[in-house]
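Engineer: Pasting structure.cif below, which is mmCIF, C-alpha atoms and all ligand atoms.
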```
data_structure
loop_
_atom_site.group_PDB
_atom_site.id
_atom_site.type_symbol
_atom_site.label_atom_id
_atom_site.label_comp_id
_atom_site.auth_asym_id
_atom_site.auth_seq_id
_atom_site.Cartn_x
_atom_site.Cartn_y
_atom_site.Cartn_z
ATOM 1 C CA MET A 1 155.601 87.552 127.639
ATOM 2 C CA ALA A 2 155.187 91.108 126.246
ATOM 3 C CA THR A 3 154.546 89.696 122.776
ATOM 4 C CA SER A 4 151.849 87.351 123.985
ATOM 5 C CA THR A 5 150.139 90.194 125.952
ATOM 6 C CA ARG A 6 150.207 92.357 122.829
ATOM 7 C CA SER A 7 148.711 89.615 120.677
ATOM 8 C CA ARG A 8 146.075 88.969 123.372
ATOM 9 C CA VAL A 9 145.161 92.710 123.310
ATOM 10 C CA LEU A 10 145.051 92.640 119.512
ATOM 11 C CA GLU A 11 142.799 89.606 119.649
ATOM 12 C CA ILE A 12 140.393 91.358 122.062
ATOM 13 C CA VAL A 13 140.408 94.546 120.019
ATOM 14 C CA SER A 14 139.617 92.674 116.834
ATOM 15 C CA MET A 15 136.840 90.738 118.576
ATOM 16 C CA LEU A 16 135.365 94.008 119.850
ATOM 17 C CA PHE A 17 135.590 95.385 116.342
ATOM 18 C CA VAL A 18 133.608 92.428 114.993
ATOM 19 C CA VAL A 19 130.997 92.814 117.748
ATOM 20 C CA ILE A 20 130.636 96.532 117.005
ATOM 21 C CA MET A 21 130.325 95.820 113.271
ATOM 22 C CA ILE A 22 127.543 93.273 113.960
ATOM 23 C CA MET A 23 125.748 95.781 116.189
ATOM 24 C CA PHE A 24 125.922 98.434 113.491
ATOM 25 C CA THR A 25 124.587 96.052 110.871
ATOM 26 C CA LYS A 26 121.639 95.184 113.134
ATOM 27 C CA ILE A 27 120.908 98.846 113.864
ATOM 28 C CA GLY A 28 121.181 99.547 110.140
ATOM 29 C CA ASP A 29 118.575 96.836 109.448
ATOM 30 C CA VAL A 30 116.202 98.220 112.045
ATOM 31 C CA SER A 31 116.239 101.736 110.683
ATOM 32 C CA ALA A 32 115.965 100.453 107.101
ATOM 33 C CA ASP A 33 112.726 98.486 107.416
ATOM 34 C CA ALA A 34 111.550 97.778 110.929
ATOM 35 C CA GLY A 35 110.142 101.137 111.993
ATOM 36 C CA ALA A 36 106.412 101.371 112.561
ATOM 37 C CA CYS A 37 104.561 103.464 109.989
ATOM 38 C CA PRO A 38 103.175 106.906 110.827
ATOM 39 C CA LYS A 39 99.499 107.154 111.718
ATOM 40 C CA CYS A 40 96.811 107.094 109.025
ATOM 41 C CA GLY A 41 94.887 110.177 110.128
ATOM 42 C CA SER A 42 94.180 109.337 113.757
ATOM 43 C CA LEU A 43 94.621 105.567 113.259
ATOM 44 C CA GLU A 44 97.708 103.774 114.533
ATOM 45 C CA VAL A 45 99.451 101.544 112.007
ATOM 46 C CA PRO A 46 100.902 98.799 114.216
ATOM 47 C CA TYR A 47 104.188 97.164 113.296
ATOM 48 C CA PRO A 48 104.706 95.008 111.145
ATOM 49 C CA PHE A 49 101.958 96.561 109.002
ATOM 50 C CA SER A 50 103.158 98.766 106.218
ATOM 51 C CA THR A 51 101.256 101.579 104.537
ATOM 52 C CA ASP A 52 104.306 102.703 102.605
ATOM 53 C CA ALA A 53 107.551 101.232 101.256
ATOM 54 C CA SER A 54 109.564 103.329 103.721
ATOM 55 C CA CYS A 55 108.184 101.735 106.898
ATOM 56 C CA GLY A 56 106.883 98.486 108.367
ATOM 57 C CA ASP A 57 107.435 95.115 106.698
ATOM 58 C CA PRO A 58 106.369 94.963 103.015
ATOM 59 C CA ARG A 59 104.799 91.510 103.457
ATOM 60 C CA TYR A 60 102.209 93.110 105.734
ATOM 61 C CA ARG A 61 101.033 95.729 103.248
ATOM 62 C CA ILE A 62 97.840 97.613 104.078
ATOM 63 C CA TYR A 63 96.396 100.839 102.699
ATOM 64 C CA CYS A 64 95.545 104.172 104.265
ATOM 65 C CA ASN A 65 92.400 105.432 102.543
ATOM 66 C CA ASN A 66 91.437 109.123 102.863
ATOM 67 C CA ALA A 67 93.425 109.353 106.102
ATOM 68 C CA ASN A 68 90.477 107.811 107.954
ATOM 69 C CA GLU A 69 90.392 104.125 107.083
ATOM 70 C CA LEU A 70 92.893 101.278 106.913
ATOM 71 C CA GLN A 71 92.280 98.651 104.262
ATOM 72 C CA PHE A 72 93.439 95.107 103.619
ATOM 73 C CA MET A 73 93.763 94.034 99.977
ATOM 74 C CA SER A 74 92.841 90.542 98.725
ATOM 75 C CA ALA A 75 94.881 88.610 96.177
ATOM 76 C CA LYS A 76 92.371 89.840 93.570
ATOM 77 C CA GLY A 77 92.896 93.497 94.450
ATOM 78 C CA PHE A 78 89.634 94.067 96.346
ATOM 79 C CA LYS A 79 90.053 96.234 99.448
ATOM 80 C CA TYR A 80 88.295 95.555 102.765
ATOM 81 C CA LYS A 81 88.074 98.006 105.646
ATOM 82 C CA ILE A 82 90.088 96.913 108.693
ATOM 83 C CA LEU A 83 87.879 97.134 111.788
ATOM 84 C CA SER A 84 90.414 96.182 114.468
ATOM 85 C CA PHE A 85 93.784 94.637 115.240
ATOM 86 C CA ASP A 86 94.532 92.318 118.140
ATOM 87 C CA LEU A 87 98.309 92.358 118.400
ATOM 88 C CA SER A 88 98.367 89.985 121.366
ATOM 89 C CA VAL A 89 97.039 87.096 119.240
ATOM 90 C CA ASN A 90 98.140 88.305 115.760
ATOM 91 C CA LYS A 91 94.611 88.713 114.453
ATOM 92 C CA LEU A 92 92.745 91.439 112.651
ATOM 93 C CA ILE A 93 89.121 91.786 111.638
ATOM 94 C CA ILE A 94 87.989 93.128 108.274
ATOM 95 C CA LEU A 95 84.498 94.272 107.305
ATOM 96 C CA PRO A 96 82.619 91.758 105.144
ATOM 97 C CA PRO A 97 81.617 93.208 101.757
ATOM 98 C CA ASP A 98 78.324 95.043 101.321
ATOM 99 C CA LEU A 99 75.783 93.954 98.806
ATOM 100 C CA LEU A 100 76.335 95.245 95.316
ATOM 101 C CA VAL A 101 74.079 98.211 94.602
ATOM 102 C CA VAL A 102 72.917 98.795 91.036
ATOM 103 C CA ASN A 103 72.466 102.164 89.346
ATOM 104 C CA ASP A 104 69.024 102.964 90.755
ATOM 105 C CA ASN A 105 70.263 102.353 94.310
ATOM 106 C CA THR A 106 68.691 98.916 94.585
ATOM 107 C CA PRO A 107 70.758 96.372 96.477
ATOM 108 C CA THR A 108 71.164 93.021 94.734
ATOM 109 C CA CYS A 109 71.873 89.643 96.282
ATOM 110 C CA TYR A 110 75.461 89.828 95.038
ATOM 111 C CA SER A 111 78.393 90.692 97.304
ATOM 112 C CA SER A 112 80.316 93.766 96.204
ATOM 113 C CA ASP A 113 83.400 91.534 95.792
ATOM 114 C CA PHE A 114 81.468 89.129 93.530
ATOM 115 C CA SER A 115 83.587 90.073 90.515
ATOM 116 C CA SER A 116 86.647 88.786 92.403
ATOM 117 C CA GLN A 117 84.689 85.667 93.470
ATOM 118 C CA GLY A 118 84.648 86.752 97.102
ATOM 119 C CA LEU A 119 87.689 86.899 99.352
ATOM 120 C CA THR A 120 90.901 85.235 98.234
ATOM 121 C CA LEU A 121 94.136 85.617 100.177
ATOM 122 C CA ASP A 122 97.559 85.387 98.579
ATOM 123 C CA GLU A 123 98.966 82.103 99.897
ATOM 124 C CA GLN A 124 102.495 83.501 99.634
ATOM 125 C CA LEU A 125 101.678 86.107 102.268
ATOM 126 C CA PRO A 126 101.583 85.413 106.022
ATOM 127 C CA PHE A 127 97.775 85.676 106.396
ATOM 128 C CA ASN A 128 94.971 83.134 106.620
ATOM 129 C CA ILE A 129 91.286 83.105 107.596
ATOM 130 C CA SER A 130 90.906 82.147 111.257
ATOM 131 C CA THR A 131 88.714 79.334 112.533
ATOM 132 C CA ARG A 132 86.440 81.678 114.492
ATOM 133 C CA ASN A 133 84.431 82.802 111.451
ATOM 134 C CA THR A 134 80.905 81.593 110.774
ATOM 135 C CA VAL A 135 80.249 82.306 107.119
ATOM 136 C CA MET A 136 76.677 82.784 105.892
ATOM 137 C CA LEU A 137 76.017 82.365 102.190
ATOM 138 C CA PHE A 138 72.961 83.629 100.296
ATOM 139 C CA ASN A 139 71.237 82.871 97.019
ATOM 140 C CA CYS A 140 72.837 79.467 96.821
ATOM 141 C CA SER A 141 72.085 76.992 94.080
ATOM 142 C CA ASP A 142 70.489 73.648 94.947
ATOM 143 C CA ASN A 143 73.876 71.954 94.484
ATOM 144 C CA LEU A 144 74.834 73.318 97.875
ATOM 145 C CA LEU A 145 72.250 71.063 99.506
ATOM 146 C CA ARG A 146 74.588 68.163 98.767
ATOM 147 C CA SER A 147 77.509 69.904 100.485
ATOM 148 C CA PRO A 148 78.403 69.680 104.163
ATOM 149 C CA LEU A 149 77.123 73.234 104.664
ATOM 150 C CA ASN A 150 74.146 73.796 106.931
ATOM 151 C CA CYS A 151 71.316 74.957 104.658
ATOM 152 C CA SER A 152 68.515 73.814 106.961
ATOM 153 C CA SER A 153 65.640 75.955 108.098
ATOM 154 C CA SER A 154 67.445 76.355 111.433
ATOM 155 C CA SER A 155 70.666 77.629 109.834
ATOM 156 C CA PHE A 156 71.974 80.884 111.337
ATOM 157 C CA CYS A 157 71.589 82.493 107.930
ATOM 158 C CA ARG A 158 67.798 82.441 108.399
ATOM 159 C CA GLN A 159 68.115 84.814 111.320
ATOM 160 C CA PHE A 160 70.166 87.220 109.279
ATOM 161 C CA GLU A 161 68.097 86.908 106.121
ATOM 162 C CA ASP A 162 65.380 89.269 107.310
ATOM 163 C CA LYS A 163 67.929 92.056 107.429
ATOM 164 C CA ILE A 164 68.758 91.746 103.757
ATOM 165 C CA GLU A 165 65.680 92.152 101.646
ATOM 166 C CA ALA A 166 67.499 91.524 98.369
ATOM 167 C CA CYS A 167 68.381 87.977 99.449
ATOM 168 C CA ARG A 168 65.146 87.109 101.212
ATOM 169 C CA GLY A 169 63.609 83.838 100.111
ATOM 170 C CA THR A 170 66.790 82.545 98.453
ATOM 171 C CA LEU A 171 68.496 79.361 99.596
ATOM 172 C CA CYS A 172 70.990 80.252 102.301
ATOM 173 C CA CYS A 173 73.533 78.201 104.241
ATOM 174 C CA HIS A 174 76.134 78.651 106.945
ATOM 175 C CA PHE A 175 79.333 76.939 107.963
ATOM 176 C CA LEU A 176 82.074 77.388 110.505
ATOM 177 C CA LYS A 177 85.353 78.104 108.725
ATOM 178 C CA ASP A 178 87.247 75.297 110.391
ATOM 179 C CA SER A 179 90.692 73.867 109.833
ATOM 180 C CA ARG A 180 89.453 71.147 107.440
ATOM 181 C CA MET A 181 88.775 73.780 104.762
ATOM 182 C CA THR A 182 90.985 76.109 102.813
ATOM 183 C CA SER A 183 91.874 79.028 105.022
ATOM 184 C CA TYR A 184 92.618 81.287 102.055
ATOM 185 C CA MET A 185 89.213 81.734 100.464
ATOM 186 C CA ILE A 186 85.526 82.542 100.954
ATOM 187 C CA ARG A 187 84.071 81.919 97.550
ATOM 188 C CA VAL A 188 80.978 83.281 95.787
ATOM 189 C CA ARG A 189 80.077 82.541 92.166
ATOM 190 C CA LEU A 190 77.210 81.866 89.796
ATOM 191 C CA GLY A 191 75.962 78.335 90.346
ATOM 192 C CA GLY A 192 77.239 78.470 93.932
ATOM 193 C CA CYS A 193 76.117 81.303 96.182
ATOM 194 C CA THR A 194 76.226 84.963 95.172
ATOM 195 C CA ALA A 195 76.457 86.816 98.498
ATOM 196 C CA TYR A 196 77.995 86.237 101.901
ATOM 197 C CA THR A 197 78.718 87.709 105.255
ATOM 198 C CA SER A 198 80.662 86.477 108.259
ATOM 199 C CA VAL A 199 80.382 86.632 112.039
ATOM 200 C CA VAL A 200 83.366 86.285 114.370
ATOM 201 C CA ASP A 201 82.808 84.003 117.369
ATOM 202 C CA ILE A 202 79.042 83.724 116.824
ATOM 203 C CA GLN A 203 76.775 83.888 119.877
ATOM 204 C CA PRO A 204 73.656 82.150 118.524
ATOM 205 C CA HIS A 205 71.481 83.230 121.415
ATOM 206 C CA ASP A 206 72.261 86.925 121.053
ATOM 207 C CA PRO A 207 70.095 89.040 118.755
ATOM 208 C CA VAL A 208 71.462 89.244 115.195
ATOM 209 C CA ASP A 209 72.110 92.960 115.591
ATOM 210 C CA ASN A 210 74.601 92.219 118.351
ATOM 211 C CA TRP A 211 76.623 89.714 116.334
ATOM 212 C CA ASN A 212 80.193 90.645 115.631
ATOM 213 C CA TYR A 213 80.120 91.006 111.828
ATOM 214 C CA GLY A 214 83.581 90.629 110.392
ATOM 215 C CA ILE A 215 86.102 88.285 108.871
ATOM 216 C CA GLU A 216 88.920 87.474 111.240
ATOM 217 C CA LEU A 217 92.353 86.983 109.688
ATOM 218 C CA GLN A 218 95.369 85.615 111.446
ATOM 219 C CA TRP A 219 98.961 86.501 110.622
ATOM 220 C CA LEU A 220 102.272 84.827 111.181
ATOM 221 C CA PRO A 221 104.595 87.391 112.782
ATOM 222 C CA PRO A 222 107.887 88.241 111.050
ATOM 223 C CA MET A 223 110.866 86.115 112.122
HETATM 224 C C1 LIG A 301 70.793 84.348 92.443
HETATM 225 O O1 LIG A 301 71.814 83.753 91.669
HETATM 226 C C2 LIG A 301 71.443 83.410 90.359
HETATM 227 C C3 LIG A 301 72.638 82.723 89.697
HETATM 228 O O2 LIG A 301 73.126 81.663 90.476
HETATM 229 C C4 LIG A 301 71.044 84.663 89.603
HETATM 230 O O3 LIG A 301 70.636 84.356 88.319
HETATM 231 C C5 LIG A 301 69.927 85.386 90.359
HETATM 232 O O4 LIG A 301 69.657 86.630 89.753
HETATM 233 C C6 LIG A 301 70.327 85.631 91.810
HETATM 234 N N1 LIG A 301 69.162 86.120 92.569
HETATM 235 C C7 LIG A 301 69.124 87.322 93.132
HETATM 236 C C8 LIG A 301 67.913 87.604 93.960
HETATM 237 O O5 LIG A 301 70.000 88.140 92.998
HETATM 238 C C1 LIG A 302 72.176 73.705 111.428
HETATM 239 O O1 LIG A 302 72.498 74.720 112.360
HETATM 240 C C2 LIG A 302 71.565 74.870 113.404
HETATM 241 C C3 LIG A 302 72.025 76.057 114.232
HETATM 242 O O2 LIG A 302 73.301 75.800 114.764
HETATM 243 C C4 LIG A 302 71.494 73.581 114.214
HETATM 244 O O3 LIG A 302 70.526 73.718 115.237
HETATM 245 C C5 LIG A 302 71.137 72.427 113.296
HETATM 246 O O4 LIG A 302 71.178 71.212 114.010
HETATM 247 C C6 LIG A 302 72.095 72.347 112.117
HETATM 248 N N1 LIG A 302 71.607 71.368 111.173
HETATM 249 C C7 LIG A 302 72.397 70.519 110.546
HETATM 250 C C8 LIG A 302 71.739 69.631 109.542
HETATM 251 O O5 LIG A 302 73.594 70.462 110.759
HETATM 252 C C1 LIG A 303 96.752 80.117 110.067
HETATM 253 O O1 LIG A 303 97.980 80.702 110.404
HETATM 254 C C2 LIG A 303 98.370 80.523 111.744
HETATM 255 C C3 LIG A 303 99.615 81.358 111.966
HETATM 256 O O2 LIG A 303 100.536 81.126 110.949
HETATM 257 C C4 LIG A 303 98.569 79.044 112.015
HETATM 258 O O3 LIG A 303 98.936 78.842 113.352
HETATM 259 C C5 LIG A 303 97.266 78.328 111.725
HETATM 260 O O4 LIG A 303 97.434 76.938 111.874
HETATM 261 C C6 LIG A 303 96.779 78.620 110.328
HETATM 262 N N1 LIG A 303 95.451 78.087 110.216
HETATM 263 C C7 LIG A 303 95.066 77.351 109.192
HETATM 264 C C8 LIG A 303 93.673 76.847 109.253
HETATM 265 O O5 LIG A 303 95.809 77.128 108.253
#
```
Any chance you could put this one into structure tokens?
Structural biologist:
Amino acid sequence: MATSTRSRVLEIVSMLFVVIMIMFTKIGDVSADAGACPKCGSLEVPYPFSTDASCGDPRYRIYCNNANELQFMSAKGFKYKILSFDLSVNKLIILPPDLLVVNDNTPTCYSSDFSSQGLTLDEQLPFNISTRNTVMLFNCSDNLLRSPLNCSSSSFCRQFEDKIEACRGTLCCHFLKDSRMTSYMIRVRLGGCTAYTSVVDIQPHDPVDNWNYGIELQWLPPM
């Protein structure tokens, strides 16, 4: 009887030991990589985003620029300003690129990310381009007329065109970035279109100045 009680106690003690070891391992993991990063100036860096190897999750790498701007980097190394995060739906919005400005301060009808062919996401990372983006393309070649894009005179891009003198009078088109297309790229190139912008959840009847300019990205949360 005494022997079996002792072995029962030993059994419980060793089980407790295992449980405590597991708890310590978990706590160890948390402090090693799961802490949120410190603020970037006055900007919160929400978990799992990581501005530094010592915090956040490295797959959600972003950059703190000048302590006043958070940036998202494309697969080609081009950085886009992050405008907002919506943690409740795992989405963030980045600022579409400006037009490229040449030495005498004249804007061209080329996006500033033209040399990286527009926005390309790394397919190995947990981000994609959401289906709420209406992309407007400018200075498109005639080939685009044979594409499913809307290049008609009633395309949304016509409303925006007046705001960008450098692209006025070029062929422009728009499309909704839906799930039938690649969700990892918005492409610009010679022989295609050379500039673009994007509007999140377009409200066609609102004035163009009130449109929500941005590129919405969606992320898969860490397991
Ligand atoms: C439009 O793109 C073509 C190449 O596709 C380029 O040669 C031309 O300079 C561009 N036009 C403007 C206004 O930038
Ligand atoms: C192009 O888009 C406009 C604005 O949404 C729409 O009124 C028009 O029917 C579209 N045209 C084509 C050919 O899809
Ligand atoms: C983008 O990623 C989200 C989250 O992983 C996923 O639910 C969605 O289906 C993806 N969208 C596309 C168009 O691949």
Engineer: With only C-alpha atoms as the counted atoms, please give the residues lying no more than 12 Å from Glu216 of chain A, apart from itself and same-chain residues fewer than 4 positions off, as an MDAnalysis selection string.
Structural biologist: chainID A and resid 72 80:86 89:96 119 127:135 177 183:184 186 197:202 212
Engineer: Dump the neighbourhood of ligand LIG 302 (chain A) as a PDB file with C-alpha atoms, in the coordinates of the input: all residues within 12 Å, distances computed on all atoms listed in the file.
Structural biologist:
```
ATOM      1  CA  THR A 134      80.905  81.593 110.774  1.00  0.00           C
ATOM      2  CA  MET A 136      76.677  82.784 105.892  1.00  0.00           C
ATOM      3  CA  LEU A 145      72.250  71.063  99.506  1.00  0.00           C
ATOM      4  CA  ARG A 146      74.588  68.163  98.767  1.00  0.00           C
ATOM      5  CA  SER A 147      77.509  69.904 100.485  1.00  0.00           C
ATOM      6  CA  PRO A 148      78.403  69.680 104.163  1.00  0.00           C
ATOM      7  CA  LEU A 149      77.123  73.234 104.664  1.00  0.00           C
ATOM      8  CA  ASN A 150      74.146  73.796 106.931  1.00  0.00           C
ATOM      9  CA  CYS A 151      71.316  74.957 104.658  1.00  0.00           C
ATOM     10  CA  SER A 152      68.515  73.814 106.961  1.00  0.00           C
ATOM     11  CA  SER A 153      65.640  75.955 108.098  1.00  0.00           C
ATOM     12  CA  SER A 154      67.445  76.355 111.433  1.00  0.00           C
ATOM     13  CA  SER A 155      70.666  77.629 109.834  1.00  0.00           C
ATOM     14  CA  PHE A 156      71.974  80.884 111.337  1.00  0.00           C
ATOM     15  CA  CYS A 157      71.589  82.493 107.930  1.00  0.00           C
ATOM     16  CA  ARG A 158      67.798  82.441 108.399  1.00  0.00           C
ATOM     17  CA  GLN A 159      68.115  84.814 111.320  1.00  0.00           C
ATOM     18  CA  CYS A 172      70.990  80.252 102.301  1.00  0.00           C
ATOM     19  CA  CYS A 173      73.533  78.201 104.241  1.00  0.00           C
ATOM     20  CA  HIS A 174      76.134  78.651 106.945  1.00  0.00           C
ATOM     21  CA  PHE A 175      79.333  76.939 107.963  1.00  0.00           C
ATOM     22  CA  LEU A 176      82.074  77.388 110.505  1.00  0.00           C
ATOM     23  CA  ILE A 202      79.042  83.724 116.824  1.00  0.00           C
ATOM     24  CA  GLN A 203      76.775  83.888 119.877  1.00  0.00           C
ATOM     25  CA  PRO A 204      73.656  82.150 118.524  1.00  0.00           C
ATOM     26  CA  HIS A 205      71.481  83.230 121.415  1.00  0.00           C
TER      27      HIS A 205
END
```
Engineer: Rounded to one decimal in Å, what is the spacing between atom O4 of ligand LIG 303 (chain A) and atom CA of Met181 of chain A?
Structural biologist: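 Going from atom O4 of ligand LIG 303 (chain A) over to atom CA of Met181 of chain A covers 11.6 Å.
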Engineer: Output the neighbourhood of ligand LIG 301 (chain A) as a list in words, that is, all protein and nucleic acid residues with some atom at most 8 Å from the ligand, counting only C-alpha atoms and all ligand atoms.
Structural biologist: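 Checking only C-alpha atoms and all ligand atoms against ligand LIG 301 (chain A) at 8 Å gives Thr108, Cys109, Tyr110, Asn139, Cys140, Ser141, Ala166, Cys167, Arg168, Thr170, Arg189, Leu190, Gly191, Gly192, Cys193 and Thr194 of chain A.
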Engineer: Could you tell me how far atom CA of Leu217 of chain A sits from atom CA of Asp57 of chain A, in Å to one decimal place?
Structural biologist: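 Result for atom CA of Asp57 of chain A versus atom CA of Leu217 of chain A: 17.4 Å, one decimal.
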Engineer: Find the distance between atom CA of Pro107 of chain A and atom CA of Asn68 of chain A and write it in Å to one decimal.
Structural biologist: 25.5 Å
Engineer: Would you kindly return, as an NGL selection string, each protein, DNA or RNA residue with an atom no farther than 12 Å from any atom of segment 40-56 of chain A, considering all atoms listed in the file and excluding same-chain residues fewer than 5 positions away?
Structural biologist: :A and (29-35 or 61-73 or 82-88 or 90-92 or 126-127 or 219-223)
Engineer: Given the choices A:Glu165, A:Glu11, A:Glu123, A:Asp178, which gets closest to ligand LIG 303 (chain A) if the distance is worked out from only C-alpha atoms and all ligand atoms?
Structural biologist: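 Checking each candidate against ligand LIG 303 (chain A), we get A:Asp178 as the closest.
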Engineer: Between A:Ser111, A:Gln117, A:Gln124, A:Asn143, single out the one closest to Ile164 of chain A, counting all atoms listed in the file.
Structural biologist: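 The closest residue to Ile164 of chain A is A:Ser111.
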Engineer: Just checking: using all atoms listed in the file, which residue out of A:Leu125, A:Val208, A:Val101, A:Ala36 ends up closest to ligand LIG 303 (chain A)?
Structural biologist: A:Leu125
Engineer: Please enclose the listed atoms of segment 131-144 of chain A in an axis-aligned box, pad each side by 5 Å, and write out the centre and the three edge lengths in Å, rounded to one decimal, as JSON.
Structural biologist:
```
{"center_x": 79.6, "center_y": 77.8, "center_z": 104.3, "size_x": 28.2, "size_y": 21.7, "size_z": 30.4}
```
Engineer: For ligand LIG 303 (chain A), which of A:Cys37, A:Leu99, A:Leu144, A:Met185 is the closest residue, counting only C-alpha atoms and all ligand atoms?
Structural biologist: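 Comparing A:Cys37, A:Leu99, A:Leu144, A:Met185 against ligand LIG 303 (chain A), the winner is A:Met185.
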